[in-house]
Amino acid sequence: MNARGQLGDFLQARRSQLRPEDTGVATYGERRRVRGLRREELALLAGVSVSYYTRLEQGQAVNASPEVLDALARALRLDDAERRHLNELAAGTRRRPAVRRPAPERLSPAVRQLVATLGDVPVVVLGRRADVLAWNTAGHALFAGHVDPEIPERPNQYPNMARLVFLDAHTRDLYVDWPAKARAVVATLRMASGQHPDDPLMTALVGELTVRSSEFAAMWADHRVKAGGDAVYEMRHPLVGTMNVTQQSLRTEDGQTVVVATTEPGSASQAAMTLLVHGAVTTRAVASQPLVRRE
């Protein structure tokens with residue numbers, strides 16, 4: 001992935017998703033060969049020349065001014081997250097490509113303390129590529145109880161949440177509306193790719209998922225973006241059944257994401273979550289007890 005290519009692809013994808021009738025562009029009943037708006041139509045809406053806009057889409061222009069980016073964002077009807085993504089992509093075209101392999105992501109003492117403090121509340125900490133950097137016992141039990149709980153302690157073997165969602169049958173089955181979860185994962189990954197366009201590990205991850213999952217490839221090509229927030233998912237856990245879980249995403253100063261899972265107080269979902277967490281904590285405590293040899 002390179003910044004110029006990503007910027008052009010994003011503009012083209014968004015242009016193709018706008019219908020002329022939604023923007024006030026007259027079509028006079030003609031038969032159109034392109035999906036969405038034509039380049040010249042979008043350029044007219046944004047108040048830029050067709051040749052300049054064409055160079056932007058083709059990755060041949062850099063240094064787009066804030067005024068031009070703002071005009072394009074209005075013409076494309078971008079939301080706040082998409083506007084930030086557009087500006088990050090444009091900024092990336094002005095940076096010199098990084099030549100060093102990025103340093104491994106690690107948790108700060110403050111984030112480790114936060115995970116420990118939350119105790120029985122399921123928590124997972126994700127890096128910028130959706131690598132699982134840490135989880136507590138409850139978080140492991142909820143999101144990936146079939147995976148070795150100690151694996152996030154091995155930096156070269158971090159489980160990756162995007163891989164789990166798209167390539168792991170257990171994780172897919174956790175979500176009643178799996179496509180909604182999958183789209184959210186792709187949109188978050190797309191936002192991160194705009195912030196780190198020269199990250200070779202990000203490029204490798206996207207390439208792997210594109211090859212191994214046609215569903216990922218289709219969602220990635222849609223260029224949707226998402227920045228944190230929260231969402232309620234109906235999760236179908238094999239140990240305690242179905243429950244509605246709110247997943248809240250909190251950003252750290254290092255750009256990592258702390259995902260906290262909660263349920264509505266007094267609900268059947270809360271009872272199921274309590275049962276799951278209690279069982280996981282008890283099992284972990286028993287497993288950590290030293291074996292006593294009887295003579």
# chains A, B, ... in the order shown; residues from 1 in each chain; ligands from 1
$ residues_around --residues "range 187-190 of chain A" --least-positions-apart "6" --cutoff "6 Å" --atoms "only C-alpha atoms" --output "ChimeraX atom specification"
/A:224-226
$ residues_around --residues "Asn156 in chain A" --least-positions-apart "6" --cutoff "12 Å" --atoms "only C-alpha atoms" --output "PyMOL selection string"
chain A and resi 103-106+131-133
$ residues_around --residues "Thr54 in chain A" --least-positions-apart "3" --cutoff "10 Å" --atoms "only C-alpha atoms" --output "ChimeraX atom specification"
/A:8,12,39-40,43,49-51,57-61
$ residues_around --residues "Arg83 in chain A" --least-positions-apart "4" --cutoff "12 Å" --atoms "only C-alpha atoms" --output "list in words"
Leu7, Phe10, Leu11, Arg14, Pro66, Leu69, Asp70, Ala71, Leu72, Ala73, Arg74, Ala75, Leu76, Arg77, Leu78, Asp79, Asn87, Glu88, Leu89, Ala90, Met191, Gly194, Arg224, Val225, Lys226 and Ala227 of chain A
$ closest_residue --among "A:Leu142, A:Leu37, A:Ala110, A:Leu44" --to "Asp22 in chain A" --atoms "only C-alpha atoms"
A:Leu37
$ decode --residues "range 183-219 of chain A" --atoms "N, CA and C atoms" --output "PDB file, in the first residue's frame"
ATOM      1  N   ARG A 183     -17.477  -6.031   8.935  1.00  0.00           N
ATOM      2  CA  ARG A 183     -17.359  -4.696   8.336  1.00  0.00           C
ATOM      3  C   ARG A 183     -16.700  -3.713   9.291  1.00  0.00           C
ATOM      4  N   ALA A 184     -17.024  -3.817  10.575  1.00  0.00           N
ATOM      5  CA  ALA A 184     -16.418  -2.919  11.561  1.00  0.00           C
ATOM      6  C   ALA A 184     -14.913  -3.155  11.664  1.00  0.00           C
ATOM      7  N   VAL A 185     -14.499  -4.420  11.626  1.00  0.00           N
ATOM      8  CA  VAL A 185     -13.074  -4.746  11.685  1.00  0.00           C
ATOM      9  C   VAL A 185     -12.350  -4.174  10.468  1.00  0.00           C
ATOM     10  N   VAL A 186     -12.922  -4.357   9.287  1.00  0.00           N
ATOM     11  CA  VAL A 186     -12.298  -3.849   8.066  1.00  0.00           C
ATOM     12  C   VAL A 186     -12.232  -2.326   8.079  1.00  0.00           C
ATOM     13  N   ALA A 187     -13.300  -1.688   8.527  1.00  0.00           N
ATOM     14  CA  ALA A 187     -13.333  -0.219   8.545  1.00  0.00           C
ATOM     15  C   ALA A 187     -12.291   0.342   9.502  1.00  0.00           C
ATOM     16  N   THR A 188     -12.103  -0.310  10.641  1.00  0.00           N
ATOM     17  CA  THR A 188     -11.080   0.138  11.593  1.00  0.00           C
ATOM     18  C   THR A 188      -9.685  -0.080  11.021  1.00  0.00           C
ATOM     19  N   LEU A 189      -9.481  -1.219  10.365  1.00  0.00           N
ATOM     20  CA  LEU A 189      -8.185  -1.515   9.749  1.00  0.00           C
ATOM     21  C   LEU A 189      -7.893  -0.539   8.614  1.00  0.00           C
ATOM     22  N   ARG A 190      -8.925  -0.167   7.876  1.00  0.00           N
ATOM     23  CA  ARG A 190      -8.747   0.799   6.781  1.00  0.00           C
ATOM     24  C   ARG A 190      -8.306   2.154   7.325  1.00  0.00           C
ATOM     25  N   MET A 191      -8.901   2.578   8.441  1.00  0.00           N
ATOM     26  CA  MET A 191      -8.507   3.835   9.055  1.00  0.00           C
ATOM     27  C   MET A 191      -7.042   3.777   9.491  1.00  0.00           C
ATOM     28  N   ALA A 192      -6.643   2.656  10.094  1.00  0.00           N
ATOM     29  CA  ALA A 192      -5.263   2.511  10.554  1.00  0.00           C
ATOM     30  C   ALA A 192      -4.285   2.501   9.378  1.00  0.00           C
ATOM     31  N   SER A 193      -4.685   1.923   8.262  1.00  0.00           N
ATOM     32  CA  SER A 193      -3.799   1.878   7.101  1.00  0.00           C
ATOM     33  C   SER A 193      -3.545   3.278   6.542  1.00  0.00           C
ATOM     34  N   GLY A 194      -4.533   4.165   6.687  1.00  0.00           N
ATOM     35  CA  GLY A 194      -4.331   5.548   6.258  1.00  0.00           C
ATOM     36  C   GLY A 194      -3.391   6.301   7.166  1.00  0.00           C
ATOM     37  N   GLN A 195      -3.376   5.947   8.444  1.00  0.00           N
ATOM     38  CA  GLN A 195      -2.478   6.586   9.399  1.00  0.00           C
ATOM     39  C   GLN A 195      -1.049   6.072   9.267  1.00  0.00           C
ATOM     40  N   HIS A 196      -0.914   4.822   8.765  1.00  0.00           N
ATOM     41  CA  HIS A 196       0.414   4.205   8.642  1.00  0.00           C
ATOM     42  C   HIS A 196       0.562   3.589   7.253  1.00  0.00           C
ATOM     43  N   PRO A 197       0.587   4.409   6.210  1.00  0.00           N
ATOM     44  CA  PRO A 197       0.564   3.868   4.839  1.00  0.00           C
ATOM     45  C   PRO A 197       1.827   3.107   4.452  1.00  0.00           C
ATOM     46  N   ASP A 198       2.935   3.333   5.181  1.00  0.00           N
ATOM     47  CA  ASP A 198       4.189   2.687   4.813  1.00  0.00           C
ATOM     48  C   ASP A 198       4.552   1.537   5.738  1.00  0.00           C
ATOM     49  N   ASP A 199       3.605   1.059   6.512  1.00  0.00           N
ATOM     50  CA  ASP A 199       3.847  -0.045   7.436  1.00  0.00           C
ATOM     51  C   ASP A 199       3.840  -1.359   6.654  1.00  0.00           C
ATOM     52  N   PRO A 200       4.987  -2.023   6.506  1.00  0.00           N
ATOM     53  CA  PRO A 200       5.017  -3.257   5.702  1.00  0.00           C
ATOM     54  C   PRO A 200       4.227  -4.398   6.337  1.00  0.00           C
ATOM     55  N   LEU A 201       4.133  -4.416   7.665  1.00  0.00           N
ATOM     56  CA  LEU A 201       3.377  -5.479   8.322  1.00  0.00           C
ATOM     57  C   LEU A 201       1.879  -5.302   8.086  1.00  0.00           C
ATOM     58  N   MET A 202       1.432  -4.041   8.022  1.00  0.00           N
ATOM     59  CA  MET A 202       0.034  -3.776   7.681  1.00  0.00           C
ATOM     60  C   MET A 202      -0.251  -4.228   6.250  1.00  0.00           C
ATOM     61  N   THR A 203       0.666  -3.903   5.343  1.00  0.00           N
ATOM     62  CA  THR A 203       0.512  -4.306   3.945  1.00  0.00           C
ATOM     63  C   THR A 203       0.449  -5.821   3.825  1.00  0.00           C
ATOM     64  N   ALA A 204       1.315  -6.517   4.586  1.00  0.00           N
ATOM     65  CA  ALA A 204       1.337  -7.976   4.529  1.00  0.00           C
ATOM     66  C   ALA A 204       0.040  -8.571   5.069  1.00  0.00           C
ATOM     67  N   LEU A 205      -0.487  -7.987   6.153  1.00  0.00           N
ATOM     68  CA  LEU A 205      -1.738  -8.474   6.736  1.00  0.00           C
ATOM     69  C   LEU A 205      -2.896  -8.315   5.754  1.00  0.00           C
ATOM     70  N   VAL A 206      -3.012  -7.130   5.161  1.00  0.00           N
ATOM     71  CA  VAL A 206      -4.098  -6.883   4.198  1.00  0.00           C
ATOM     72  C   VAL A 206      -3.963  -7.813   2.994  1.00  0.00           C
ATOM     73  N   GLY A 207      -2.734  -8.009   2.533  1.00  0.00           N
ATOM     74  CA  GLY A 207      -2.519  -8.907   1.403  1.00  0.00           C
ATOM     75  C   GLY A 207      -2.918 -10.334   1.726  1.00  0.00           C
ATOM     76  N   GLU A 208      -2.542 -10.800   2.922  1.00  0.00           N
ATOM     77  CA  GLU A 208      -2.896 -12.157   3.334  1.00  0.00           C
ATOM     78  C   GLU A 208      -4.411 -12.342   3.410  1.00  0.00           C
ATOM     79  N   LEU A 209      -5.088 -11.397   4.050  1.00  0.00           N
ATOM     80  CA  LEU A 209      -6.537 -11.517   4.205  1.00  0.00           C
ATOM     81  C   LEU A 209      -7.257 -11.402   2.866  1.00  0.00           C
ATOM     82  N   THR A 210      -6.742 -10.569   1.980  1.00  0.00           N
ATOM     83  CA  THR A 210      -7.352 -10.415   0.653  1.00  0.00           C
ATOM     84  C   THR A 210      -7.277 -11.719  -0.129  1.00  0.00           C
ATOM     85  N   VAL A 211      -6.144 -12.408  -0.014  1.00  0.00           N
ATOM     86  CA  VAL A 211      -5.961 -13.674  -0.729  1.00  0.00           C
ATOM     87  C   VAL A 211      -6.786 -14.793  -0.102  1.00  0.00           C
ATOM     88  N   ARG A 212      -6.850 -14.826   1.225  1.00  0.00           N
ATOM     89  CA  ARG A 212      -7.464 -15.961   1.912  1.00  0.00           C
ATOM     90  C   ARG A 212      -8.966 -15.807   2.148  1.00  0.00           C
ATOM     91  N   SER A 213      -9.487 -14.588   2.014  1.00  0.00           N
ATOM     92  CA  SER A 213     -10.908 -14.367   2.270  1.00  0.00           C
ATOM     93  C   SER A 213     -11.503 -13.459   1.197  1.00  0.00           C
ATOM     94  N   SER A 214     -12.383 -14.019   0.389  1.00  0.00           N
ATOM     95  CA  SER A 214     -13.047 -13.198  -0.625  1.00  0.00           C
ATOM     96  C   SER A 214     -13.963 -12.173   0.025  1.00  0.00           C
ATOM     97  N   GLU A 215     -14.483 -12.503   1.214  1.00  0.00           N
ATOM     98  CA  GLU A 215     -15.344 -11.553   1.923  1.00  0.00           C
ATOM     99  C   GLU A 215     -14.537 -10.340   2.378  1.00  0.00           C
ATOM    100  N   PHE A 216     -13.337 -10.588   2.886  1.00  0.00           N
ATOM    101  CA  PHE A 216     -12.483  -9.465   3.267  1.00  0.00           C
ATOM    102  C   PHE A 216     -12.145  -8.620   2.034  1.00  0.00           C
ATOM    103  N   ALA A 217     -11.793  -9.275   0.945  1.00  0.00           N
ATOM    104  CA  ALA A 217     -11.406  -8.545  -0.269  1.00  0.00           C
ATOM    105  C   ALA A 217     -12.525  -7.611  -0.723  1.00  0.00           C
ATOM    106  N   ALA A 218     -13.762  -8.090  -0.681  1.00  0.00           N
ATOM    107  CA  ALA A 218     -14.895  -7.264  -1.113  1.00  0.00           C
ATOM    108  C   ALA A 218     -15.120  -6.097  -0.168  1.00  0.00           C
ATOM    109  N   MET A 219     -15.020  -6.337   1.144  1.00  0.00           N
ATOM    110  CA  MET A 219     -15.222  -5.269   2.124  1.00  0.00           C
ATOM    111  C   MET A 219     -14.078  -4.261   2.077  1.00  0.00           C
TER     112      MET A 219
END
